[in-house]
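Have a look at input01.pdb below; it lists PDB, C-alpha atoms.
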```pdb
ATOM      1  CA  MET Z   1      -6.430 -20.154  -2.226
ATOM      2  CA  ALA Z   2      -7.935 -22.015  -5.170
ATOM      3  CA  ALA Z   3     -11.098 -19.996  -4.598
ATOM      4  CA  VAL Z   4      -9.048 -16.820  -4.822
ATOM      5  CA  ALA Z   5      -7.636 -17.866  -8.177
ATOM      6  CA  VAL Z   6     -11.104 -18.734  -9.520
ATOM      7  CA  ALA Z   7     -12.554 -15.415  -8.382
ATOM      8  CA  VAL Z   8      -9.696 -13.435  -9.897
ATOM      9  CA  GLY Z   9      -9.981 -15.360 -13.127
ATOM     10  CA  ALA Z  10     -13.628 -14.389 -13.444
ATOM     11  CA  THR Z  11     -12.884 -10.733 -12.731
ATOM     12  CA  LEU Z  12      -9.996 -10.683 -15.147
ATOM     13  CA  ALA Z  13     -12.150 -12.119 -17.881
ATOM     14  CA  ALA Z  14     -14.560  -9.225 -17.397
ATOM     15  CA  CYS Z  15     -11.906  -6.506 -17.241
ATOM     16  CA  GLY Z  16      -9.437  -7.737 -19.844
ATOM     17  CA  SER Z  17      -6.283  -9.722 -19.221
ATOM     18  CA  PHE Z  18      -2.538  -9.727 -19.702
ATOM     19  CA  THR Z  19      -1.592 -11.719 -22.784
ATOM     20  CA  ALA Z  20       1.613 -13.704 -22.375
ATOM     21  CA  THR Z  21       3.720 -14.770 -25.286
ATOM     22  CA  PRO Z  22       4.501 -18.462 -25.826
ATOM     23  CA  GLY Z  23       6.978 -19.750 -23.280
ATOM     24  CA  ASP Z  24       6.241 -17.035 -20.729
ATOM     25  CA  GLY Z  25       5.882 -18.345 -17.209
ATOM     26  CA  PRO Z  26       5.020 -16.440 -14.032
ATOM     27  CA  ALA Z  27       8.572 -15.168 -13.554
ATOM     28  CA  ALA Z  28       8.787 -13.932 -17.130
ATOM     29  CA  THR Z  29       5.394 -12.266 -16.847
ATOM     30  CA  ALA Z  30       6.457 -10.390 -13.720
ATOM     31  CA  ARG Z  31       9.757  -9.440 -15.341
ATOM     32  CA  HIS Z  32       8.103  -8.019 -18.462
ATOM     33  CA  ALA Z  33       5.554  -6.065 -16.415
ATOM     34  CA  GLY Z  34       8.208  -4.834 -14.001
ATOM     35  CA  GLN Z  35      10.298  -3.343 -16.775
ATOM     36  CA  ALA Z  36       7.369  -1.207 -17.910
ATOM     37  CA  ALA Z  37       6.527  -0.121 -14.346
ATOM     38  CA  ALA Z  38      10.010   1.077 -13.384
ATOM     39  CA  GLY Z  39       9.836   4.195 -11.246
ATOM     40  CA  VAL Z  40       6.150   3.928 -10.271
ATOM     41  CA  ARG Z  41       5.719   4.278  -6.507
ATOM     42  CA  VAL Z  42       2.217   4.003  -5.057
ATOM     43  CA  LEU Z  43       1.161   5.272  -1.639
ATOM     44  CA  TRP Z  44      -2.113   3.530  -0.760
ATOM     45  CA  MET Z  45      -4.369   5.459   1.642
ATOM     46  CA  GLY Z  46      -7.737   4.788   3.234
ATOM     47  CA  ASP Z  47      -9.425   3.138   6.190
ATOM     48  CA  SER Z  48      -9.755  -0.519   7.195
ATOM     49  CA  ILE Z  49     -11.644  -1.353   3.990
ATOM     50  CA  ALA Z  50      -8.612  -0.231   2.009
ATOM     51  CA  GLY Z  51      -6.497  -2.031   4.609
ATOM     52  CA  ALA Z  52      -8.185  -5.338   3.809
ATOM     53  CA  GLU Z  53      -7.522  -4.742   0.123
ATOM     54  CA  ALA Z  54      -3.911  -3.719   0.722
ATOM     55  CA  PRO Z  55      -2.278  -7.187   0.914
ATOM     56  CA  ALA Z  56      -3.648  -8.115  -2.512
ATOM     57  CA  VAL Z  57      -2.951  -4.691  -4.016
ATOM     58  CA  GLN Z  58       0.625  -4.880  -2.772
ATOM     59  CA  ALA Z  59       1.079  -8.357  -4.226
ATOM     60  CA  ALA Z  60      -0.386  -7.343  -7.594
ATOM     61  CA  LEU Z  61       1.592  -4.122  -7.914
ATOM     62  CA  GLU Z  62       4.913  -5.477  -6.683
ATOM     63  CA  ALA Z  63       4.567  -8.391  -9.118
ATOM     64  CA  SER Z  64       4.225  -5.695 -11.782
ATOM     65  CA  GLY Z  65       7.417  -3.932 -10.708
ATOM     66  CA  VAL Z  66       5.631  -1.146  -8.830
ATOM     67  CA  ARG Z  67       6.865   0.073  -5.447
ATOM     68  CA  PHE Z  68       4.072   0.079  -2.855
ATOM     69  CA  LYS Z  69       3.502   1.429   0.624
ATOM     70  CA  ASN Z  70       0.416   0.743   2.699
ATOM     71  CA  ALA Z  71      -0.608   3.923   4.528
ATOM     72  CA  THR Z  72      -4.133   2.843   5.489
ATOM     73  CA  SER Z  73      -5.460   3.208   9.006
ATOM     74  CA  ASP Z  74      -8.040   1.136  10.840
ATOM     75  CA  GLY Z  75     -10.740   3.332  12.316
ATOM     76  CA  GLY Z  76      -9.621   6.442  10.471
ATOM     77  CA  GLY Z  77      -7.435   7.230   7.482
ATOM     78  CA  ASN Z  78      -9.752  10.058   6.464
ATOM     79  CA  VAL Z  79      -8.693  13.429   5.058
ATOM     80  CA  VAL Z  80     -12.068  15.101   5.677
ATOM     81  CA  ALA Z  81     -12.087  16.449   9.220
ATOM     82  CA  GLY Z  82     -15.713  17.555   9.257
ATOM     83  CA  ASP Z  83     -17.207  18.714  12.566
ATOM     84  CA  HIS Z  84     -17.051  15.433  14.480
ATOM     85  CA  PRO Z  85     -14.299  15.090  17.124
ATOM     86  CA  VAL Z  86     -13.489  11.532  16.040
ATOM     87  CA  THR Z  87     -12.992  12.412  12.374
ATOM     88  CA  ALA Z  88     -11.178  15.644  13.236
ATOM     89  CA  VAL Z  89      -8.544  13.780  15.256
ATOM     90  CA  ALA Z  90      -8.223  11.030  12.635
ATOM     91  CA  ALA Z  91      -7.836  13.550   9.805
ATOM     92  CA  LYS Z  92      -5.085  15.355  11.699
ATOM     93  CA  ASP Z  93      -3.216  12.056  12.011
ATOM     94  CA  THR Z  94      -3.773  11.274   8.327
ATOM     95  CA  TRP Z  95      -2.333  14.581   7.126
ATOM     96  CA  LYS Z  96       0.639  14.264   9.482
ATOM     97  CA  THR Z  97       1.394  10.729   8.289
ATOM     98  CA  LEU Z  98       0.996  11.785   4.661
ATOM     99  CA  LYS Z  99       3.583  14.525   5.103
ATOM    100  CA  GLU Z 100       6.011  11.986   6.558
ATOM    101  CA  ASN Z 101       5.377   9.486   3.745
ATOM    102  CA  LEU Z 102       5.865  12.132   1.067
ATOM    103  CA  ALA Z 103       9.305  12.857   2.486
ATOM    104  CA  SER Z 104      10.400   9.257   3.090
ATOM    105  CA  PHE Z 105       8.672   7.203   0.363
ATOM    106  CA  ARG Z 106       8.410   9.887  -2.352
ATOM    107  CA  PRO Z 107       5.421   8.386  -4.187
ATOM    108  CA  THR Z 108       4.714   9.083  -7.825
ATOM    109  CA  VAL Z 109       1.070   8.139  -7.236
ATOM    110  CA  ILE Z 110      -1.066   8.804  -4.172
ATOM    111  CA  ALA Z 111      -4.108   6.543  -4.289
ATOM    112  CA  TYR Z 112      -6.765   7.473  -1.744
ATOM    113  CA  GLN Z 113      -9.827   5.297  -1.305
ATOM    114  CA  ILE Z 114     -12.669   7.373   0.127
ATOM    115  CA  THR Z 115     -13.138   6.290   3.715
ATOM    116  CA  THR Z 116     -16.216   5.509   5.743
ATOM    117  CA  TYR Z 117     -15.114   8.405   7.970
ATOM    118  CA  ASP Z 118     -15.100  11.190   5.362
ATOM    119  CA  TRP Z 119     -17.983  12.848   7.217
ATOM    120  CA  GLY Z 120     -18.791  16.504   6.786
ATOM    121  CA  THR Z 121     -20.678  18.785   4.468
ATOM    122  CA  SER Z 122     -20.212  18.451   0.722
ATOM    123  CA  GLY Z 123     -18.210  21.680   0.849
ATOM    124  CA  GLN Z 124     -15.895  20.284   3.519
ATOM    125  CA  GLN Z 125     -15.415  17.112   1.497
ATOM    126  CA  LEU Z 126     -14.627  18.978  -1.715
ATOM    127  CA  ALA Z 127     -12.183  21.272   0.097
ATOM    128  CA  ALA Z 128     -10.356  18.308   1.655
ATOM    129  CA  TYR Z 129     -10.040  16.463  -1.658
ATOM    130  CA  GLN Z 130      -8.826  19.651  -3.353
ATOM    131  CA  GLN Z 131      -6.243  20.063  -0.604
ATOM    132  CA  LEU Z 132      -5.128  16.482  -1.180
ATOM    133  CA  SER Z 133      -4.826  17.235  -4.885
ATOM    134  CA  ARG Z 134      -2.653  20.296  -4.229
ATOM    135  CA  THR Z 135      -0.527  18.325  -1.771
ATOM    136  CA  ALA Z 136       0.069  15.599  -4.337
ATOM    137  CA  LYS Z 137       0.896  18.121  -7.061
ATOM    138  CA  ASP Z 138       3.352  19.967  -4.817
ATOM    139  CA  ALA Z 139       5.055  16.641  -4.096
ATOM    140  CA  GLY Z 140       5.306  15.794  -7.795
ATOM    141  CA  ALA Z 141       2.810  12.941  -7.465
ATOM    142  CA  ARG Z 142      -0.386  12.088  -9.290
ATOM    143  CA  LEU Z 143      -3.542  11.738  -7.201
ATOM    144  CA  VAL Z 144      -5.995   8.902  -7.806
ATOM    145  CA  LEU Z 145      -9.263   8.975  -5.867
ATOM    146  CA  VAL Z 146     -11.142   5.690  -5.596
ATOM    147  CA  SER Z 147     -14.710   5.346  -4.384
ATOM    148  CA  ALA Z 148     -15.337   2.934  -1.531
ATOM    149  CA  PRO Z 149     -17.195  -0.313  -2.138
ATOM    150  CA  PRO Z 150     -20.820  -0.550  -1.033
ATOM    151  CA  PHE Z 151     -20.958  -1.440   2.656
ATOM    152  CA  LYS Z 152     -23.533  -2.050   5.331
ATOM    153  CA  ILE Z 153     -24.900   1.149   6.880
ATOM    154  CA  ASP Z 154     -25.368   0.038  10.481
ATOM    155  CA  ASP Z 155     -26.265   2.052  13.591
ATOM    156  CA  PHE Z 156     -22.748   3.484  13.725
ATOM    157  CA  TYR Z 157     -22.797   4.817  10.179
ATOM    158  CA  ARG Z 158     -26.504   5.701   9.888
ATOM    159  CA  PRO Z 159     -26.198   9.266  11.318
ATOM    160  CA  HIS Z 160     -23.585   9.988   8.633
ATOM    161  CA  LYS Z 161     -25.388   8.357   5.731
ATOM    162  CA  ASP Z 162     -25.789  11.604   3.753
ATOM    163  CA  ALA Z 163     -22.085  12.439   4.045
ATOM    164  CA  ILE Z 164     -21.099   8.918   3.011
ATOM    165  CA  LYS Z 165     -23.338   9.285  -0.031
ATOM    166  CA  SER Z 166     -22.031  12.721  -1.060
ATOM    167  CA  ALA Z 167     -18.290  11.994  -0.704
ATOM    168  CA  PRO Z 168     -17.831  10.176  -4.040
ATOM    169  CA  ALA Z 169     -19.629  12.945  -5.939
ATOM    170  CA  MET Z 170     -17.351  15.560  -4.369
ATOM    171  CA  ALA Z 171     -14.256  13.505  -5.164
ATOM    172  CA  ALA Z 172     -15.337  13.251  -8.792
ATOM    173  CA  LYS Z 173     -15.486  17.069  -9.016
ATOM    174  CA  VAL Z 174     -11.823  17.648  -8.203
ATOM    175  CA  ALA Z 175      -9.876  18.923 -11.199
ATOM    176  CA  ASP Z 176      -6.605  17.334 -12.353
ATOM    177  CA  VAL Z 177      -7.372  14.118 -10.489
ATOM    178  CA  ARG Z 178      -8.132  10.641 -11.801
ATOM    179  CA  TYR Z 179     -11.359   9.428 -10.175
ATOM    180  CA  LEU Z 180     -12.058   5.701 -10.270
ATOM    181  CA  ASP Z 181     -15.623   4.581  -9.633
ATOM    182  CA  ALA Z 182     -15.337   1.208  -7.915
ATOM    183  CA  SER Z 183     -19.025   0.452  -8.507
ATOM    184  CA  GLU Z 184     -17.760  -0.716 -11.902
ATOM    185  CA  LEU Z 185     -16.379  -3.683  -9.965
ATOM    186  CA  TRP Z 186     -18.553  -3.972  -6.873
ATOM    187  CA  GLY Z 187     -21.942  -2.650  -7.945
ATOM    188  CA  ASP Z 188     -23.994  -0.580  -5.492
ATOM    189  CA  ASP Z 189     -25.539  -3.185  -3.200
ATOM    190  CA  TYR Z 190     -23.351  -4.457  -0.364
ATOM    191  CA  ALA Z 191     -25.550  -7.548   0.030
ATOM    192  CA  ALA Z 192     -25.207  -8.617  -3.599
ATOM    193  CA  GLY Z 193     -22.752 -11.368  -4.445
ATOM    194  CA  LYS Z 194     -20.963  -8.983  -6.800
ATOM    195  CA  ALA Z 195     -19.959  -6.770  -3.852
ATOM    196  CA  GLN Z 196     -17.936  -9.615  -2.300
ATOM    197  CA  ARG Z 197     -18.257  -8.266   1.261
ATOM    198  CA  ALA Z 198     -17.117 -10.289   4.260
ATOM    199  CA  LYS Z 199     -19.595 -11.450   6.906
ATOM    200  CA  ASP Z 200     -19.582  -7.976   8.459
ATOM    201  CA  GLY Z 201     -20.938  -6.453   5.242
ATOM    202  CA  VAL Z 202     -18.107  -3.911   5.183
ATOM    203  CA  HIS Z 203     -14.704  -5.417   4.395
ATOM    204  CA  SER Z 204     -13.526  -7.919   1.785
ATOM    205  CA  CYS Z 205     -12.038 -11.365   2.206
ATOM    206  CA  GLN Z 206      -9.193 -12.722   0.085
ATOM    207  CA  GLN Z 207     -11.340 -13.291  -2.998
ATOM    208  CA  GLY Z 208     -12.786  -9.794  -2.965
ATOM    209  CA  SER Z 209      -9.415  -8.221  -2.248
ATOM    210  CA  ALA Z 210      -7.857 -10.114  -5.149
ATOM    211  CA  ALA Z 211     -10.661  -9.029  -7.464
ATOM    212  CA  PHE Z 212     -10.145  -5.422  -6.421
ATOM    213  CA  ALA Z 213      -6.366  -5.661  -6.856
ATOM    214  CA  THR Z 214      -6.826  -7.019 -10.375
ATOM    215  CA  TRP Z 215      -9.228  -4.212 -11.273
ATOM    216  CA  PHE Z 216      -7.151  -1.481  -9.628
ATOM    217  CA  ALA Z 217      -3.841  -2.642 -11.120
ATOM    218  CA  LYS Z 218      -5.394  -2.577 -14.591
ATOM    219  CA  ARG Z 219      -6.759   0.952 -14.104
ATOM    220  CA  LEU Z 220      -3.479   2.168 -12.620
ATOM    221  CA  GLY Z 221      -1.520   0.567 -15.445
ATOM    222  CA  GLU Z 222      -3.643   2.411 -17.985
ATOM    223  CA  LEU Z 223      -2.933   5.657 -16.150
ATOM    224  CA  THR Z 224       0.806   5.274 -15.612
ATOM    225  CA  GLY Z 225       1.782   3.130 -18.581
ATOM    226  CA  PHE Z 226       2.574  -0.333 -17.271
ATOM    227  CA  THR Z 227       1.083  -3.752 -17.940
ATOM    228  CA  PRO Z 228      -0.014  -5.482 -14.726
ATOM    229  CA  ALA Z 229       1.354  -8.909 -13.977
ATOM    230  CA  ALA Z 230      -1.085 -11.745 -14.562
ATOM    231  CA  PRO Z 231      -3.038 -12.789 -11.433
ATOM    232  CA  ALA Z 232      -1.527 -16.251 -11.797
ATOM    233  CA  VAL Z 233       1.759 -14.686 -10.675
ATOM    234  CA  TRP Z 234       0.505 -13.299  -7.372
ATOM    235  CA  ALA Z 235      -3.108 -14.216  -6.536
ATOM    236  CA  THR Z 236      -2.378 -17.302  -4.429
ATOM    237  CA  GLY Z 237       0.709 -15.946  -2.674
ATOM    238  CA  PRO Z 238       1.533 -15.568   1.031
ATOM    239  CA  TRP Z 239      -0.624 -12.416   1.312
ATOM    240  CA  THR Z 240      -3.712 -14.630   1.500
ATOM    241  CA  GLY Z 241      -2.659 -15.633   5.018
ATOM    242  CA  ASP Z 242      -2.636 -12.058   6.341
ATOM    243  CA  ASP Z 243      -3.934 -11.890   9.921
ATOM    244  CA  ARG Z 244      -6.623  -9.356   9.072
ATOM    245  CA  PHE Z 245      -8.496 -11.960   7.038
ATOM    246  CA  ALA Z 246      -8.627 -14.354   9.981
ATOM    247  CA  LYS Z 247     -10.001 -11.537  12.152
ATOM    248  CA  LEU Z 248     -12.739 -10.965   9.583
ATOM    249  CA  GLY Z 249     -13.708 -14.634   9.744
ATOM    250  CA  CYS Z 250     -12.645 -15.264   6.165
ATOM    251  CA  GLY Z 251     -12.192 -18.877   5.131
TER     252      GLY Z 251
END
```
Mind turning this structure into structure tokens?
Amino acid sequence: MAAVAVAVGATLAACGSFTATPGDGPAATARHAGQAAAGVRVLWMGDSIAGAEAPAVQAALEASGVRFKNATSDGGGNVVAGDHPVTAVAAKDTWKTLKENLASFRPTVIAYQITTYDWGTSGQQLAAYQQLSRTAKDAGARLVLVSAPPFKIDDFYRPHKDAIKSAPAMAAKVADVRYLDASELWGDDYAAGKAQRAKDGVHSCQQGSAAFATWFAKRLGELTGFTPAAPAVWATGPWTGDDRFAKLGCG
């Protein structure tokens, strides 16, 4: 967990940090941030990459007073159905689950990280992201689209390489949506140290997830008007022991 704190500290230094007043401890920091974040409710969507980031994102946002629900899905989570039977079935599940979450959780922000399964033509991708935008607007929520980190294009993903490449560009075209380019944090090379990929070249371990949560919380705070809690409040918490990290072979 010390490594997590070091990694987050480095990321925070690059992105800007929360400045505490004299005498503020972790509890006070969380309390101050929480007051500013009252009423913000984030529904986090995506595939297993977003799922590996979710424990840290939840810790960071809840420490800031933000309500959070993890709606990611391993092996799916996509909103683009495309023409492939696998992605078509997964997209149907995603839209069904989204409808249920809109009714039960009532998010003020829907944050969708582009999945590794958003296969299809550029037109299909744009149409799906526009539909997601309309769905969010009808529910009274703001939509935030986040590009995926760079990941290893193996034999499974290689046939869909063009679609994976075009998805972020289509997401960035959607009107009335905040698009966050995660290459600002990760870079574009999955094998580079900056990308902080796990041994599989796809997901992130605790350090990478904490770095992403720090970056994302700052961007979301700028958008919705709250000051994120300092990483010292949450970065070495119980979330670091989530089972998914052990399955990824994270230390």
Contacts of Leu98 of chain Z at 12 Å (only C-alpha atoms; same-chain gap of 6+ positions) as a PyMOL selection string: chain Z and resi 43-46+69-73+77-79+91-92+104-107+110-112+132+135-136+139
Could you dump the residues just selected with C-alpha atoms as a compact mmCIF listing (two decimals), in the coordinates of the input?
```txt
# COMPACT_ATOMS: atom_id res chain seq x y z
CA LEU Z 43 1.16 5.27 -1.64
CA TRP Z 44 -2.11 3.53 -0.76
CA MET Z 45 -4.37 5.46 1.64
CA GLY Z 46 -7.74 4.79 3.23
CA LYS Z 69 3.50 1.43 0.62
CA ASN Z 70 0.42 0.74 2.70
CA ALA Z 71 -0.61 3.92 4.53
CA THR Z 72 -4.13 2.84 5.49
CA SER Z 73 -5.46 3.21 9.01
CA GLY Z 77 -7.44 7.23 7.48
CA ASN Z 78 -9.75 10.06 6.46
CA VAL Z 79 -8.69 13.43 5.06
CA ALA Z 91 -7.84 13.55 9.80
CA LYS Z 92 -5.08 15.36 11.70
CA SER Z 104 10.40 9.26 3.09
CA PHE Z 105 8.67 7.20 0.36
CA ARG Z 106 8.41 9.89 -2.35
CA PRO Z 107 5.42 8.39 -4.19
CA ILE Z 110 -1.07 8.80 -4.17
CA ALA Z 111 -4.11 6.54 -4.29
CA TYR Z 112 -6.76 7.47 -1.74
CA LEU Z 132 -5.13 16.48 -1.18
CA THR Z 135 -0.53 18.32 -1.77
CA ALA Z 136 0.07 15.60 -4.34
CA ALA Z 139 5.06 16.64 -4.10
```
Quick one: residues within 9 Å of Gln113 of chain Z, all atoms listed in the file counted, chain neighbours fewer than 3 positions away excluded, as a PDB file with C-alpha atoms, in the coordinates of the input?
```pdb
ATOM      1  CA  TRP Z  44      -2.113   3.530  -0.760  1.00  0.00           C
ATOM      2  CA  MET Z  45      -4.369   5.459   1.642  1.00  0.00           C
ATOM      3  CA  GLY Z  46      -7.737   4.788   3.234  1.00  0.00           C
ATOM      4  CA  ASP Z  47      -9.425   3.138   6.190  1.00  0.00           C
ATOM      5  CA  ILE Z  49     -11.644  -1.353   3.990  1.00  0.00           C
ATOM      6  CA  ALA Z  50      -8.612  -0.231   2.009  1.00  0.00           C
ATOM      7  CA  VAL Z 144      -5.995   8.902  -7.806  1.00  0.00           C
ATOM      8  CA  LEU Z 145      -9.263   8.975  -5.867  1.00  0.00           C
ATOM      9  CA  VAL Z 146     -11.142   5.690  -5.596  1.00  0.00           C
ATOM     10  CA  SER Z 147     -14.710   5.346  -4.384  1.00  0.00           C
ATOM     11  CA  ALA Z 148     -15.337   2.934  -1.531  1.00  0.00           C
TER      12      ALA Z 148
END
```
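Note that the spacing between atom CA of Ala182 of chain Z and atom CA of Thr214 of chain Z amounts to 12.1 Å.
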Can you turn the PyMOL selection byres ((chain Z and resi 244-249) around 8) into a concrete residue list for this file, as a PDB file with C-alpha atoms, in the frame of the given file?
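And here's result-v4.pdb as it stands now:
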```pdb
ATOM      1  CA  ALA Z  52      -8.185  -5.338   3.809  1.00  0.00           C
ATOM      2  CA  ALA Z 198     -17.117 -10.289   4.260  1.00  0.00           C
ATOM      3  CA  LYS Z 199     -19.595 -11.450   6.906  1.00  0.00           C
ATOM      4  CA  ASP Z 200     -19.582  -7.976   8.459  1.00  0.00           C
ATOM      5  CA  HIS Z 203     -14.704  -5.417   4.395  1.00  0.00           C
ATOM      6  CA  CYS Z 205     -12.038 -11.365   2.206  1.00  0.00           C
ATOM      7  CA  GLN Z 206      -9.193 -12.722   0.085  1.00  0.00           C
ATOM      8  CA  THR Z 240      -3.712 -14.630   1.500  1.00  0.00           C
ATOM      9  CA  GLY Z 241      -2.659 -15.633   5.018  1.00  0.00           C
ATOM     10  CA  ASP Z 242      -2.636 -12.058   6.341  1.00  0.00           C
ATOM     11  CA  ASP Z 243      -3.934 -11.890   9.921  1.00  0.00           C
ATOM     12  CA  CYS Z 250     -12.645 -15.264   6.165  1.00  0.00           C
ATOM     13  CA  GLY Z 251     -12.192 -18.877   5.131  1.00  0.00           C
TER      14      GLY Z 251
END
```
Size and centre in Å, one decimal, axis-aligned box, all listed segment 90-107 of chain Z atoms plus 4 Å per side, as JSON:
```
{"center_x": 1.1, "center_y": 11.3, "center_z": 4.2, "size_x": 26.6, "size_y": 16.2, "size_z": 24.8}
```
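In this structure, atom CA of Thr227 of chain Z sits 16.9 Å away from atom CA of Ala210 of chain Z.
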